[in-house]
Amino acid sequence: MAKLVWQLEGQAPIAFAIRQERVAVGRDTSNDIRLAESAISSQHAVIITHMGSSTLHDLGSRNGSWVNGKRIESQLLRHGDVVQFGRLAMNFIDESFAATPQSGTDATQRDATKVIGSGAANPTNARGAIKAGMPPLPPGTPDFAELDRLIGSIRSHRNSGDQEVASQRAEMMAEWKKLMAYCTALKARLASEPRVRFFEISERRNEVVIRVEHTTGQSIQSVMLSWGHIEQRARGGDGIWLRAPPLPDRHYEKCDAAARDLVAAVAHLLA
């Protein structure tokens, strides 16, 4: 069986076994060998093994796949090769080769044999160690460290902003749910009021509609509550809105203020 072995001085080796015919390498969790390092592409490379021989194929990765310091598109791997994905270097170990005494074995192969570990470690837990033990860039390799740093910083800022917006939206939605419960109680309170001709609470549309006929024969007047402005819902909900003509539409983030103004609008229609 073949392995890719990563070794940091003073720490136990991390071995990635190549057990199947096709082994995918990359940052994404769908890969057989996941390398949680920013310089590694989501789908970085693939190792194809046939008839006991393994060939490394780069998948158009941003920072490239390298064998013994040379960037490659496709390369047959041999025992002792230094395989590098972006800035992360490992040794390719062919155990069948390592187990057979070889005459004229060079120093690179002997050193590579020494780093074989007792078992595969979880690569997703190795991120900190991998970063701490990054080898020097081979000659001609572009250094994307600043690019990676900026991407990480932008993503972190964006995620922080997204989380803040999601938290605010969740808080406002909780206020809307409280208001819906209040309206259910208000509907029961007005059930015997004949001038209230219509009182609908729609959880599907997230709206409350009350229609009042103050005097028989007069035009019916309406009060409406909605989650998100009725004319801009395609953009998503942005809190509680009260529509009670002829007053301008009003926006609320809290249930109490919206409930107070709703009661005042209904009282004005019934008085």
# chains A, B, ... in the order shown; residues from 1 in each chain; ligands from 1

call {"tool": "residues_around", "arguments": {"residues": "Asn31 in chain A", "least_positions_apart": "2", "cutoff": "10 Å", "atoms": "only C-alpha atoms", "output": "list in words"}}
result
Val23, Ala24, Val25, Gly26, Arg27, Asp28, Thr29, Ile33, Arg34, Leu35, Ser42, Gln43, His44, Ala45 and Val46 of chain A

call {"tool": "residues_around", "arguments": {"residues": "Leu186 in chain A", "least_positions_apart": "6", "cutoff": "10 Å", "atoms": "only C-alpha atoms", "output": "list in words"}}
result
Met180, Phe199, Ala259 and Val263 of chain A

call {"tool": "write_last_selection", "arguments": {"atoms": "all heavy atoms", "output": "mmCIF file, in the first residue's frame"}}
result
data_model
loop_
_atom_site.group_PDB
_atom_site.id
_atom_site.type_symbol
_atom_site.label_atom_id
_atom_site.label_comp_id
_atom_site.auth_asym_id
_atom_site.auth_seq_id
_atom_site.Cartn_x
_atom_site.Cartn_y
_atom_site.Cartn_z
ATOM 1 N N MET A 180 -48.293 38.537 16.946
ATOM 2 C CA MET A 180 -49.342 37.653 16.424
ATOM 3 C C MET A 180 -50.158 37.053 17.566
ATOM 4 O O MET A 180 -51.390 36.943 17.491
ATOM 5 C CB MET A 180 -48.718 36.549 15.578
ATOM 6 C CG MET A 180 -48.058 37.028 14.291
ATOM 7 S SD MET A 180 -49.224 37.337 12.943
ATOM 8 C CE MET A 180 -49.396 35.667 12.293
ATOM 9 N N PHE A 199 -61.634 40.176 10.661
ATOM 10 C CA PHE A 199 -60.421 40.151 11.487
ATOM 11 C C PHE A 199 -59.691 38.850 11.141
ATOM 12 O O PHE A 199 -60.049 37.778 11.598
ATOM 13 C CB PHE A 199 -60.772 40.191 12.979
ATOM 14 C CG PHE A 199 -59.614 40.576 13.875
ATOM 15 C CD1 PHE A 199 -59.803 41.527 14.883
ATOM 16 C CD2 PHE A 199 -58.357 40.005 13.732
ATOM 17 C CE1 PHE A 199 -58.752 41.897 15.723
ATOM 18 C CE2 PHE A 199 -57.309 40.362 14.552
ATOM 19 C CZ PHE A 199 -57.499 41.308 15.553
ATOM 20 N N ALA A 259 -48.097 47.040 19.038
ATOM 21 C CA ALA A 259 -49.386 46.680 19.651
ATOM 22 C C ALA A 259 -50.104 47.922 20.174
ATOM 23 O O ALA A 259 -51.329 48.067 20.022
ATOM 24 C CB ALA A 259 -49.155 45.679 20.781
ATOM 25 N N VAL A 263 -53.774 49.176 18.707
ATOM 26 C CA VAL A 263 -54.954 49.400 19.569
ATOM 27 C C VAL A 263 -55.477 50.818 19.393
ATOM 28 O O VAL A 263 -56.698 51.035 19.295
ATOM 29 C CB VAL A 263 -54.604 49.119 21.032
ATOM 30 C CG1 VAL A 263 -55.740 49.620 21.954
ATOM 31 C CG2 VAL A 263 -54.384 47.635 21.263
#

call {"tool": "select_by_dssp", "arguments": {"residues": "range 191-265 of chain A", "states": "strand (DSSP E)", "output": "list in words"}}
result
Val196, Arg197, Phe198, Phe199, Glu200, Ile201, Ser202, Glu207, Val208, Val209, Ile210, Arg211, Val212, Gln221, Ser222, Val223, Met224, Leu225, Ser226, Trp227, Ile240, Trp241, Leu242, Arg243, Arg250, His251 and Tyr252 of chain A

call {"tool": "write_last_selection", "arguments": {"atoms": "C-alpha atoms", "output": "mmCIF file, in the first residue's frame"}}
result
data_model
loop_
_atom_site.group_PDB
_atom_site.id
_atom_site.type_symbol
_atom_site.label_atom_id
_atom_site.label_comp_id
_atom_site.auth_asym_id
_atom_site.auth_seq_id
_atom_site.Cartn_x
_atom_site.Cartn_y
_atom_site.Cartn_z
ATOM 1 C CA VAL A 196 -65.630 44.695 13.199
ATOM 2 C CA ARG A 197 -66.590 43.063 9.906
ATOM 3 C CA PHE A 198 -63.341 41.214 9.297
ATOM 4 C CA PHE A 199 -60.421 40.151 11.487
ATOM 5 C CA GLU A 200 -57.933 37.782 9.864
ATOM 6 C CA ILE A 201 -54.636 36.556 11.255
ATOM 7 C CA SER A 202 -52.593 34.809 8.551
ATOM 8 C CA GLU A 207 -50.110 39.595 8.210
ATOM 9 C CA VAL A 208 -53.105 40.763 10.251
ATOM 10 C CA VAL A 209 -56.057 42.552 8.612
ATOM 11 C CA ILE A 210 -58.883 44.269 10.523
ATOM 12 C CA ARG A 211 -61.823 45.916 8.721
ATOM 13 C CA VAL A 212 -64.295 48.135 10.565
ATOM 14 C CA GLN A 221 -61.891 51.188 6.870
ATOM 15 C CA SER A 222 -58.915 48.896 7.387
ATOM 16 C CA VAL A 223 -55.924 48.473 9.669
ATOM 17 C CA MET A 224 -53.145 46.107 8.618
ATOM 18 C CA LEU A 225 -50.080 44.651 10.277
ATOM 19 C CA SER A 226 -47.450 42.815 8.250
ATOM 20 C CA TRP A 227 -43.980 41.308 8.587
ATOM 21 C CA ILE A 240 -43.155 44.971 11.710
ATOM 22 C CA TRP A 241 -45.195 47.421 9.633
ATOM 23 C CA LEU A 242 -48.538 49.046 10.526
ATOM 24 C CA ARG A 243 -50.763 50.486 7.806
ATOM 25 C CA ARG A 250 -45.055 52.929 10.361
ATOM 26 C CA HIS A 251 -42.147 50.564 11.005
ATOM 27 C CA TYR A 252 -41.365 48.807 14.315
#

call {"tool": "atom_distance", "arguments": {"atom1": "CA of Arg204 in chain A", "atom2": "CA of Arg260 in chain A"}}
result
23.7 Å

call {"tool": "closest_residue", "arguments": {"among": "A:Leu56, A:Leu247, A:Ile220, A:Val5", "to": "Gly80 in chain A", "atoms": "only C-alpha atoms"}}
result
A:Val5

call {"tool": "residues_around", "arguments": {"residues": "Ala271 in chain A", "least_positions_apart": "4", "cutoff": "9 Å", "atoms": "only C-alpha atoms", "output": "PyMOL selection string"}}
result
chain A and resi 214+266-267

call {"tool": "select_by_dssp", "arguments": {"residues": "range 25-110 of chain A", "states": "helix (DSSP H, G or I)", "output": "list in words"}}
result
Glu95, Ser96, Phe97, Ala98, Ala107, Thr108, Gln109 and Arg110 of chain A

call {"tool": "write_last_selection", "arguments": {"atoms": "N, CA, C and O atoms", "output": "PDB file, in the first residue's frame"}}
result
ATOM      1  N   GLU A  95       5.057   1.259   0.357  1.00  0.00           N
ATOM      2  CA  GLU A  95       5.467   0.308   1.379  1.00  0.00           C
ATOM      3  C   GLU A  95       6.055  -0.972   0.786  1.00  0.00           C
ATOM      4  O   GLU A  95       6.918  -1.607   1.389  1.00  0.00           O
ATOM      5  N   SER A  96       5.558  -1.364  -0.382  1.00  0.00           N
ATOM      6  CA  SER A  96       6.115  -2.564  -1.007  1.00  0.00           C
ATOM      7  C   SER A  96       7.570  -2.334  -1.397  1.00  0.00           C
ATOM      8  O   SER A  96       8.417  -3.226  -1.296  1.00  0.00           O
ATOM      9  N   PHE A  97       7.891  -1.106  -1.792  1.00  0.00           N
ATOM     10  CA  PHE A  97       9.272  -0.759  -2.131  1.00  0.00           C
ATOM     11  C   PHE A  97      10.105  -0.648  -0.864  1.00  0.00           C
ATOM     12  O   PHE A  97      11.223  -1.157  -0.779  1.00  0.00           O
ATOM     13  N   ALA A  98       9.519   0.004   0.161  1.00  0.00           N
ATOM     14  CA  ALA A  98      10.256   0.225   1.399  1.00  0.00           C
ATOM     15  C   ALA A  98      10.561  -1.087   2.106  1.00  0.00           C
ATOM     16  O   ALA A  98      11.567  -1.215   2.813  1.00  0.00           O
ATOM     17  N   ALA A 107      19.930   8.846  -0.191  1.00  0.00           N
ATOM     18  CA  ALA A 107      19.621   9.405   1.130  1.00  0.00           C
ATOM     19  C   ALA A 107      18.184   9.843   1.220  1.00  0.00           C
ATOM     20  O   ALA A 107      17.534   9.696   2.258  1.00  0.00           O
ATOM     21  N   THR A 108      17.618  10.369   0.116  1.00  0.00           N
ATOM     22  CA  THR A 108      16.230  10.827   0.136  1.00  0.00           C
ATOM     23  C   THR A 108      15.289   9.682   0.425  1.00  0.00           C
ATOM     24  O   THR A 108      14.355   9.787   1.221  1.00  0.00           O
ATOM     25  N   GLN A 109      15.527   8.527  -0.203  1.00  0.00           N
ATOM     26  CA  GLN A 109      14.658   7.380  -0.001  1.00  0.00           C
ATOM     27  C   GLN A 109      14.799   6.834   1.413  1.00  0.00           C
ATOM     28  O   GLN A 109      13.839   6.425   2.040  1.00  0.00           O
ATOM     29  N   ARG A 110      16.018   6.819   1.956  1.00  0.00           N
ATOM     30  CA  ARG A 110      16.193   6.310   3.306  1.00  0.00           C
ATOM     31  C   ARG A 110      15.486   7.205   4.309  1.00  0.00           C
ATOM     32  O   ARG A 110      14.811   6.737   5.218  1.00  0.00           O
TER      33      ARG A 110
END

call {"tool": "atom_distance", "arguments": {"atom1": "CA of Glu9 in chain A", "atom2": "CA of Val82 in chain A"}}
result
16.0 Å
